[in-house]
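Asks: Next up is a structure, given as structure tokens.
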Amino acid sequence: MLVEQVFRNTPFQHRWGVKFLCLGVGGLFAFDFFFFADALLFQRLDFNIWVARGAASALAAPLIGVSAARNPQWSFDLFVSRKVVFHSTALFAAGIYLFVMSLAGYYIRYYGGEWSSIIQTVFLFGAGLVLAVLLYSGALRSRLKVLVNKHFFSYRYDYREEWLHLIEVLSGRVLDASLPERVIFALAELVDSPGGVLWLRSESGRFERARSWNLAEDAVAQGTDVGTLTDFLAKRRWVIDLAELRRDPDAYDGLYLPDAILADERLWLIVPLDHDDALLGFVILTHPRSNQAVNWEVMDVLKTAARQSASYLALDQAARALADARQFEGFNRLSAFVVHDLKNLIAQLSLVARNAERHRHNPAFIDDAMDTIKNSVAKMNRLLAQLRSPDQRTASARIDLIALVEDAVRLRSVQEPVPKLELLADERLSVRADADRLGAIVAHVIQNAQEATPRDGRVIVRVGRLDDHAAIDVDDTGSGMDADFVRERLFKPFDSTKGLTGMGVGAYDARELVSSLGGRVIVDSEPGRAPGFAC
């Protein structure tokens, strides 16, 4: 009744699209109606009709298929992946193989004489081994993949699956190898190639062989001149089919390739690696396990995958260059601190040398000069020790902060304006730090205050408490600094206002040392007002 209503209510001009559907479905209903009516009438299922029921359904299926073909809008979201089809096809083929082998085994059993059972067992065991070998055969899997892609799908690749797999390979989740080897493997998998070789552009601009995968080292030797090839790839961005190039050189504008590439029959495709409109390198792939047509789809997939691979290679090269730059930066930073310390030592010794003629008969000057020279020698020895072992950590100990500041003030008393010390705390103040580094930092801050202050000005160094912390305050009557300078330039390494005589690392070193001790540096300064520099 339902089938009849569908057909009756369909407009006459559209009945050609549903008549086969109604005939097929109506025929199935009619057969079942007859079958179950017979079962109800005679109180048993007719075995012959039951067996014929499957054949009747098979006869009705083509009618339904024709009607579905006439109505393409009858669609539903059903997706069968290539993996399902591939494994189903492999399982079906294995089933047919085992069925044929079973028939052959039965034939041997019944017609093989008195040794039939033994021969049958050996035959079936050998058939199982052959099946296992075939299932693990790379060439057979490659041919089966080509068969599935050619006859079951409109496109050769499942682009979503291929892209995700490409990312996993390049990121190292699939293959535990170096990035150049992963690039070769990722591109080779797309066309079932067993191996290849990668060439990359060096810093000098020359293209050199970087790595190979499943390919002998004698293939495309390092000294091969690929200049003509790289010029062509940089200009055209084509994937080169070497088999086609050997047959028809004019297809590639008469491209000349060295004999190491053109004469090697193992080599198949040359894939350029483009990054930022520049040729980063190229990959040469070997022939696949099964013959494959190189059409537009293969070319596009290889180009897209090659661009992604090139971005990974460029990122890796940038990371390596950054690591090298950081090593050089560390070396330059160490050199700057060394030069800074040497400059301070030279300044101290220069003051002693300039005042020696005038105060050479003054015993107090001689004592101060000797202390300055001893202090400079000790600092240079420590500096040499750090240069010999730059990774060694300086020892920290509990030190008397007041005594340390007194030594720094006495050391800087050789320059005008002579700093004055004011003690704002009666009790003993101590900190755990490296006495030499902290003393050098305090002396450097005092020296900066002296250099920024006129000779008739004043520099006052105060030691006391600030909340629960020990505090050192260096106050001077210099020209002062504006807020932008303090925020943007004061603690910026290698930025100095002293021209060629300054290194620009003193304030930065002071802040880093104080921060490492758990303290902080406070700068209170304005142009035209006496600045302060509190630690």
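Following the order of the structure tokens, chains are lettered A, B, ..., residues in each are numbered from 1, and ligands are numbered from 1.
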Quick one: everything within 12 Å of A:Ile366, counting only C-alpha atoms, minus sequence neighbours fewer than 5 positions away in the same chain. Send it as a PyMOL selection string.
Replies: chain A and resi 352-353+355-361+371-373
Asks: Extract, using only C-alpha atoms, all DNA, RNA and protein residues at most 12 Å from A:Ser57, discarding same-chain residues fewer than 5 positions from it, and format them as a ChimeraX atom specification.
Replies: /A:23-32,50-52,62-64
Asks: Tell me, as a list in words, which residues lie within 12 Å of A:Arg487, counting only C-alpha atoms; anything in the same chain fewer than 3 positions away does not count.
Replies: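 Here the answer would be Met481, Asp482, Ala483, Asp484, Leu490, Phe491, Lys492, Ile522, Val523, Asp524 and Ser525 of chain A.
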Asks: Please produce an output containing N, CA, C and O atoms for each residue in the selection, written as a compact mmCIF listing (two decimals), in the first residue's frame.
Replies:
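Written output follows (again-v4.txt):
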# COMPACT_ATOMS: atom_id res chain seq x y z
N MET A 481 68.77 62.62 36.03
CA MET A 481 68.29 61.83 34.89
C MET A 481 66.77 61.91 34.85
O MET A 481 66.10 61.89 35.89
N ASP A 482 66.21 61.95 33.62
CA ASP A 482 64.76 61.99 33.51
C ASP A 482 64.20 60.57 33.59
O ASP A 482 64.93 59.56 33.52
N ALA A 483 62.87 60.49 33.72
CA ALA A 483 62.22 59.19 33.91
C ALA A 483 62.39 58.28 32.70
O ALA A 483 62.56 57.07 32.84
N ASP A 484 62.35 58.85 31.49
CA ASP A 484 62.51 58.03 30.29
C ASP A 484 63.89 57.40 30.24
O ASP A 484 64.05 56.23 29.86
N LEU A 490 68.99 53.32 31.37
CA LEU A 490 69.95 53.22 32.47
C LEU A 490 70.44 51.80 32.66
O LEU A 490 71.65 51.56 32.85
N PHE A 491 69.53 50.84 32.63
CA PHE A 491 69.90 49.44 32.90
C PHE A 491 70.00 48.61 31.62
O PHE A 491 70.04 47.38 31.68
N LYS A 492 70.02 49.25 30.48
CA LYS A 492 70.15 48.54 29.22
C LYS A 492 71.62 48.24 28.96
O LYS A 492 72.45 49.16 28.92
N ILE A 522 66.78 51.03 43.56
CA ILE A 522 65.81 52.12 43.46
C ILE A 522 66.54 53.37 42.99
O ILE A 522 67.54 53.76 43.58
N VAL A 523 66.05 53.97 41.91
CA VAL A 523 66.66 55.18 41.36
C VAL A 523 65.67 56.33 41.53
O VAL A 523 64.54 56.26 41.06
N ASP A 524 66.10 57.38 42.22
CA ASP A 524 65.28 58.57 42.45
C ASP A 524 66.03 59.76 41.88
O ASP A 524 67.00 60.25 42.48
N SER A 525 65.62 60.21 40.71
CA SER A 525 66.38 61.27 40.05
C SER A 525 65.47 62.03 39.10
O SER A 525 64.56 61.47 38.50
Asks: Counting only C-alpha atoms, what is within 10 Å of A:Glu208, bar same-chain residues fewer than 2 positions away, as number ranges by chain?
Replies: A: 198-202, 205-206, 210-211, 221-226, 281
Asks: Need to verify the contact set: A:Val442, 7 Å, only C-alpha atoms, exclusion of same-chain residues closer than 4 positions in sequence. Can you return it as a PyMOL selection string?
Replies: chain A and resi 408+438+446
Asks: Let me make sure I understand: among A:Leu166, A:Ala260, A:Ala510, A:Ala293, which one has the smallest atom-to-atom distance to A:Ala243 if we use only C-alpha atoms?
Replies: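 Among the listed residues, the smallest separation from A:Ala243 belongs to A:Ala293.
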Asks: Mind the document's chain letters and residue numbers, and return as a short mmCIF file (atom, residue, chain, number, x, y, z; two decimals) with C-alpha atoms, in the first residue's frame the residues of stretch 111-335 of chain A that DSSP labels helix (DSSP H, G or I).
Replies:
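That gives us result.cif:
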data_model
loop_
_atom_site.label_atom_id
_atom_site.label_comp_id
_atom_site.auth_asym_id
_atom_site.auth_seq_id
_atom_site.Cartn_x
_atom_site.Cartn_y
_atom_site.Cartn_z
CA TYR A 111 43.40 -37.67 -5.31
CA GLY A 113 46.99 -41.41 -2.81
CA GLU A 114 48.35 -42.74 0.45
CA TRP A 115 50.52 -39.62 1.01
CA SER A 116 47.56 -37.30 0.49
CA SER A 117 47.18 -36.19 4.14
CA ILE A 118 50.88 -35.35 4.48
CA ILE A 119 50.99 -33.56 1.15
CA GLN A 120 47.84 -31.62 2.05
CA THR A 121 49.32 -30.47 5.39
CA VAL A 122 52.59 -29.39 3.77
CA PHE A 123 50.72 -27.65 0.96
CA LEU A 124 48.47 -25.67 3.32
CA PHE A 125 51.42 -24.71 5.54
CA GLY A 126 53.35 -23.48 2.51
CA ALA A 127 50.28 -21.57 1.30
CA GLY A 128 50.07 -19.86 4.71
CA LEU A 129 53.74 -18.86 4.53
CA VAL A 130 53.28 -17.47 1.03
CA LEU A 131 50.26 -15.46 2.22
CA ALA A 132 52.27 -14.02 5.13
CA VAL A 133 55.10 -13.04 2.78
CA LEU A 134 52.66 -11.39 0.39
CA LEU A 135 50.92 -9.45 3.16
CA GLY A 138 56.07 -3.59 0.20
CA ALA A 139 55.73 -3.98 -3.57
CA LEU A 140 52.40 -5.80 -3.24
CA ARG A 141 51.07 -3.21 -0.80
CA SER A 142 52.11 -0.48 -3.20
CA ARG A 143 50.30 -2.16 -6.12
CA LEU A 144 47.23 -2.73 -3.98
CA LYS A 145 47.21 0.93 -2.92
CA VAL A 146 47.39 2.01 -6.57
CA LEU A 147 44.51 -0.38 -7.41
CA VAL A 148 42.32 0.98 -4.59
CA ASN A 149 43.02 4.64 -5.40
CA LYS A 150 42.46 4.08 -9.11
CA HIS A 151 39.21 2.09 -9.01
CA PHE A 152 37.48 3.09 -5.77
CA TYR A 159 44.36 14.92 1.76
CA ARG A 160 43.35 15.26 5.40
CA GLU A 161 45.02 11.97 6.36
CA GLU A 162 48.09 12.68 4.26
CA TRP A 163 48.55 16.16 5.76
CA LEU A 164 48.20 14.97 9.36
CA HIS A 165 50.62 12.12 8.69
CA LEU A 166 53.08 14.52 7.06
CA ILE A 167 53.04 16.75 10.16
CA GLU A 168 53.59 13.73 12.44
CA VAL A 169 56.56 12.55 10.35
CA LEU A 170 58.20 15.99 10.17
CA LEU A 179 65.07 16.31 10.29
CA PRO A 180 66.66 15.98 6.80
CA GLU A 181 66.02 12.23 6.89
CA ARG A 182 62.43 12.82 8.02
CA VAL A 183 61.91 15.21 5.10
CA ILE A 184 63.09 12.59 2.60
CA PHE A 185 60.95 9.91 4.26
CA ALA A 186 57.83 12.11 4.29
CA LEU A 187 58.06 12.97 0.59
CA ALA A 188 58.97 9.41 -0.38
CA GLU A 189 55.94 7.97 1.43
CA LEU A 190 53.58 10.04 -0.70
CA GLY A 227 74.19 24.65 -10.55
CA THR A 228 72.14 24.27 -13.74
CA LEU A 229 69.54 22.19 -11.93
CA THR A 230 69.15 24.64 -9.04
CA ASP A 231 68.85 27.58 -11.45
CA PHE A 232 66.05 25.76 -13.29
CA LEU A 233 64.25 24.82 -10.06
CA ALA A 234 64.55 28.35 -8.66
CA LYS A 235 63.02 29.73 -11.86
CA ARG A 236 60.36 27.12 -12.69
CA LEU A 242 63.61 12.08 -14.77
CA ALA A 243 62.07 9.30 -16.89
CA GLU A 244 60.22 11.91 -18.95
CA LEU A 245 63.35 14.07 -19.13
CA ARG A 246 65.35 11.15 -20.50
CA ARG A 247 62.70 10.51 -23.17
CA PRO A 249 64.50 16.76 -22.93
CA ASP A 250 62.48 19.48 -24.70
CA ALA A 251 59.66 19.00 -22.17
CA TYR A 252 61.91 20.73 -19.63
CA ASP A 259 75.52 12.31 -15.67
CA ALA A 260 75.54 11.40 -11.96
CA ILE A 261 71.81 12.17 -11.94
CA LEU A 262 70.63 11.56 -15.49
CA TRP A 296 48.82 16.64 -11.86
CA GLU A 297 47.58 15.33 -8.51
CA VAL A 298 50.93 13.76 -7.62
CA MET A 299 52.73 16.93 -8.66
CA ASP A 300 50.49 19.17 -6.53
CA VAL A 301 50.74 16.95 -3.47
CA LEU A 302 54.54 16.81 -3.71
CA LYS A 303 54.81 20.58 -4.16
CA THR A 304 52.56 21.26 -1.16
CA ALA A 305 54.33 18.73 1.05
CA ALA A 306 57.70 20.10 -0.09
CA ARG A 307 56.73 23.63 0.95
CA GLN A 308 55.75 22.40 4.41
CA SER A 309 58.98 20.42 4.67
CA ALA A 310 60.98 23.46 3.59
CA SER A 311 59.39 25.54 6.37
CA TYR A 312 60.53 22.93 8.92
CA LEU A 313 64.06 22.98 7.49
CA ALA A 314 64.16 26.78 7.49
CA LEU A 315 62.93 26.86 11.08
CA ASP A 316 65.60 24.35 12.07
CA GLN A 317 68.31 26.42 10.37
CA ALA A 318 67.04 29.55 12.10
CA ALA A 319 67.10 27.79 15.47
CA ARG A 320 70.69 26.65 14.89
CA ALA A 321 71.72 30.16 13.84
CA LEU A 322 70.04 31.57 16.94
CA ALA A 323 71.90 29.11 19.15
CA ASP A 324 75.20 30.13 17.54
CA ALA A 325 74.30 33.79 17.94
CA ARG A 326 73.54 33.26 21.61
CA GLN A 327 76.91 31.63 22.12
CA PHE A 328 78.62 34.59 20.47
CA GLU A 329 76.42 36.92 22.50
CA GLY A 330 77.55 35.24 25.71
CA PHE A 331 81.16 35.53 24.62
CA ASN A 332 80.72 39.21 23.72
CA ARG A 333 78.92 39.87 26.99
CA LEU A 334 81.79 38.26 28.93
CA SER A 335 84.27 40.33 26.94
#
Asks: Would you please give, as a ChimeraX atom specification, all residues of stretch 151-353 of chain A that DSSP assigns to strand (DSSP E or B) based on the backbone?
Replies: /A:196-201,207-213,240-241,267-275,278-286
Asks: Rounded to one decimal place, report the atom CA of A:Ile399-atom CA of A:Ala433 distance in Å.
Replies: 7.1 Å
Asks: Go ahead and compute the interatomic distance for atom CA of A:Pro72 and atom CA of A:Thr89, in Å to one decimal.
Replies: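 Computing the Euclidean distance for atom CA of A:Pro72 and atom CA of A:Thr89 yields 26.6 Å.
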Asks: Tell me which of A:Leu466, A:Val197, A:Ala369, A:Val445 sits closest to A:Ala507, counting only C-alpha atoms.
Replies: A:Val445
Asks: May I ask which of the residues A:Gln5, A:Asn381, A:Glu526, A:Ala443 is the closest one to A:Ser479, counting only C-alpha atoms?
Replies: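 Checking each candidate against A:Ser479, we get A:Glu526 as the closest.
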Asks: Name the residues in contact with A:Asp476 at a cut-off of 12 Å, using only C-alpha atoms, excluding same-chain residues fewer than 5 positions from it; report them as a tab-separated table (two decimals) with N, CA, C and O atoms, in the first residue's frame.
Replies:
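Below is the file that was written, part.tsv:
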chain	number	residue	atom	x	y	z
A	417	PRO	N	84.68	64.88	43.39
A	417	PRO	CA	84.55	65.18	44.83
A	417	PRO	C	84.72	63.93	45.68
A	417	PRO	O	84.23	62.86	45.32
A	418	VAL	N	85.42	64.11	46.77
A	418	VAL	CA	85.70	62.98	47.66
A	418	VAL	C	84.40	62.54	48.33
A	418	VAL	O	83.69	63.37	48.92
A	419	PRO	N	84.04	61.26	48.24
A	419	PRO	CA	82.79	60.82	48.85
A	419	PRO	C	82.87	60.83	50.37
A	419	PRO	O	83.93	60.59	50.96
A	420	LYS	N	81.72	61.13	50.99
A	420	LYS	CA	81.61	61.13	52.44
A	420	LYS	C	80.69	60.00	52.87
A	420	LYS	O	79.69	59.73	52.21
A	445	VAL	N	79.29	52.36	41.56
A	445	VAL	CA	78.20	53.33	41.70
A	445	VAL	C	78.75	54.66	42.23
A	445	VAL	O	78.36	55.75	41.77
A	446	ILE	N	79.65	54.59	43.19
A	446	ILE	CA	80.26	55.82	43.72
A	446	ILE	C	81.06	56.53	42.63
A	446	ILE	O	81.01	57.76	42.50
A	447	GLN	N	81.79	55.76	41.83
A	447	GLN	CA	82.57	56.35	40.75
A	447	GLN	C	81.66	57.04	39.74
A	447	GLN	O	81.97	58.15	39.26
A	448	ASN	N	80.54	56.41	39.38
A	448	ASN	CA	79.60	57.04	38.45
A	448	ASN	C	79.07	58.36	39.03
A	448	ASN	O	78.89	59.35	38.30
A	449	ALA	N	78.80	58.38	40.34
A	449	ALA	CA	78.32	59.61	40.98
A	449	ALA	C	79.39	60.70	40.93
A	449	ALA	O	79.09	61.88	40.68
A	450	GLN	N	80.67	60.32	41.11
A	450	GLN	CA	81.75	61.30	41.05
A	450	GLN	C	81.90	61.86	39.64
A	450	GLN	O	82.12	63.05	39.45
A	451	GLU	N	81.79	60.98	38.64
A	451	GLU	CA	81.98	61.43	37.26
A	451	GLU	C	80.83	62.31	36.79
A	451	GLU	O	81.00	63.14	35.88
A	452	ALA	N	79.64	62.14	37.39
A	452	ALA	CA	78.48	62.96	36.98
A	452	ALA	C	78.35	64.22	37.81
A	452	ALA	O	77.43	65.02	37.56
A	453	THR	N	79.24	64.44	38.79
A	453	THR	CA	79.12	65.58	39.71
A	453	THR	C	80.31	66.51	39.53
A	453	THR	O	81.46	66.05	39.39
A	454	PRO	N	80.08	67.82	39.53
A	454	PRO	CA	81.22	68.76	39.45
A	454	PRO	C	82.17	68.57	40.64
A	454	PRO	O	81.80	68.04	41.68
A	455	ARG	N	83.41	69.06	40.47
A	455	ARG	CA	84.42	68.86	41.51
A	455	ARG	C	84.05	69.59	42.80
A	455	ARG	O	84.45	69.18	43.89
A	456	ASP	N	83.27	70.66	42.70
A	456	ASP	CA	82.85	71.36	43.91
A	456	ASP	C	81.51	70.85	44.45
A	456	ASP	O	80.95	71.44	45.37
A	457	GLY	N	80.99	69.77	43.87
A	457	GLY	CA	79.75	69.19	44.36
A	457	GLY	C	80.00	68.24	45.52
A	457	GLY	O	81.08	68.23	46.11
A	458	ARG	N	79.01	67.41	45.79
A	458	ARG	CA	79.17	66.47	46.89
A	458	ARG	C	78.62	65.10	46.50
A	458	ARG	O	77.67	64.99	45.72
A	459	VAL	N	79.24	64.08	47.09
A	459	VAL	CA	78.79	62.69	46.96
A	459	VAL	C	78.74	62.11	48.36
A	459	VAL	O	79.77	62.05	49.05
A	460	ILE	N	77.55	61.71	48.80
A	460	ILE	CA	77.36	61.18	50.15
A	460	ILE	C	76.90	59.73	50.03
A	460	ILE	O	75.95	59.42	49.29
A	461	VAL	N	77.57	58.86	50.77
A	461	VAL	CA	77.22	57.44	50.81
A	461	VAL	C	76.68	57.14	52.20
A	461	VAL	O	77.37	57.37	53.21
A	462	ARG	N	75.45	56.64	52.27
A	462	ARG	CA	74.81	56.32	53.53
A	462	ARG	C	74.57	54.82	53.62
A	462	ARG	O	74.19	54.18	52.63
A	481	MET	N	68.77	62.62	36.03
A	481	MET	CA	68.29	61.83	34.89
A	481	MET	C	66.77	61.91	34.85
A	481	MET	O	66.10	61.89	35.89
A	524	ASP	N	66.10	57.38	42.22
A	524	ASP	CA	65.28	58.57	42.45
A	524	ASP	C	66.03	59.76	41.88
A	524	ASP	O	67.00	60.25	42.48
A	525	SER	N	65.62	60.21	40.71
A	525	SER	CA	66.38	61.27	40.05
A	525	SER	C	65.47	62.03	39.10
A	525	SER	O	64.56	61.47	38.50
A	528	GLY	N	68.04	68.43	37.07
A	528	GLY	CA	68.11	69.63	37.88
A	528	GLY	C	67.94	69.38	39.35
A	528	GLY	O	68.07	70.30	40.16
A	529	ARG	N	67.68	68.13	39.75
A	529	ARG	CA	67.56	67.80	41.18
A	529	ARG	C	68.56	66.72	41.50
A	529	ARG	O	68.83	65.85	40.69
A	530	ALA	N	69.13	66.79	42.70
A	530	ALA	CA	70.16	65.82	43.10
A	530	ALA	C	69.60	64.41	43.04
A	530	ALA	O	68.59	64.12	43.68
A	531	PRO	N	70.20	63.51	42.28
A	531	PRO	CA	69.69	62.15	42.17
A	531	PRO	C	70.11	61.29	43.35
A	531	PRO	O	71.03	61.61	44.09
A	532	GLY	N	69.44	60.20	43.50
A	532	GLY	CA	69.79	59.20	44.50
A	532	GLY	C	69.78	57.82	43.87
A	532	GLY	O	69.02	57.56	42.94
A	533	PHE	N	70.61	56.96	44.37
A	533	PHE	CA	70.74	55.61	43.81
A	533	PHE	C	70.81	54.66	44.99
A	533	PHE	O	71.88	54.50	45.61
A	534	ALA	N	69.69	54.06	45.36
A	534	ALA	CA	69.65	53.24	46.57
A	534	ALA	C	69.62	51.77	46.22
A	534	ALA	O	68.94	51.37	45.29
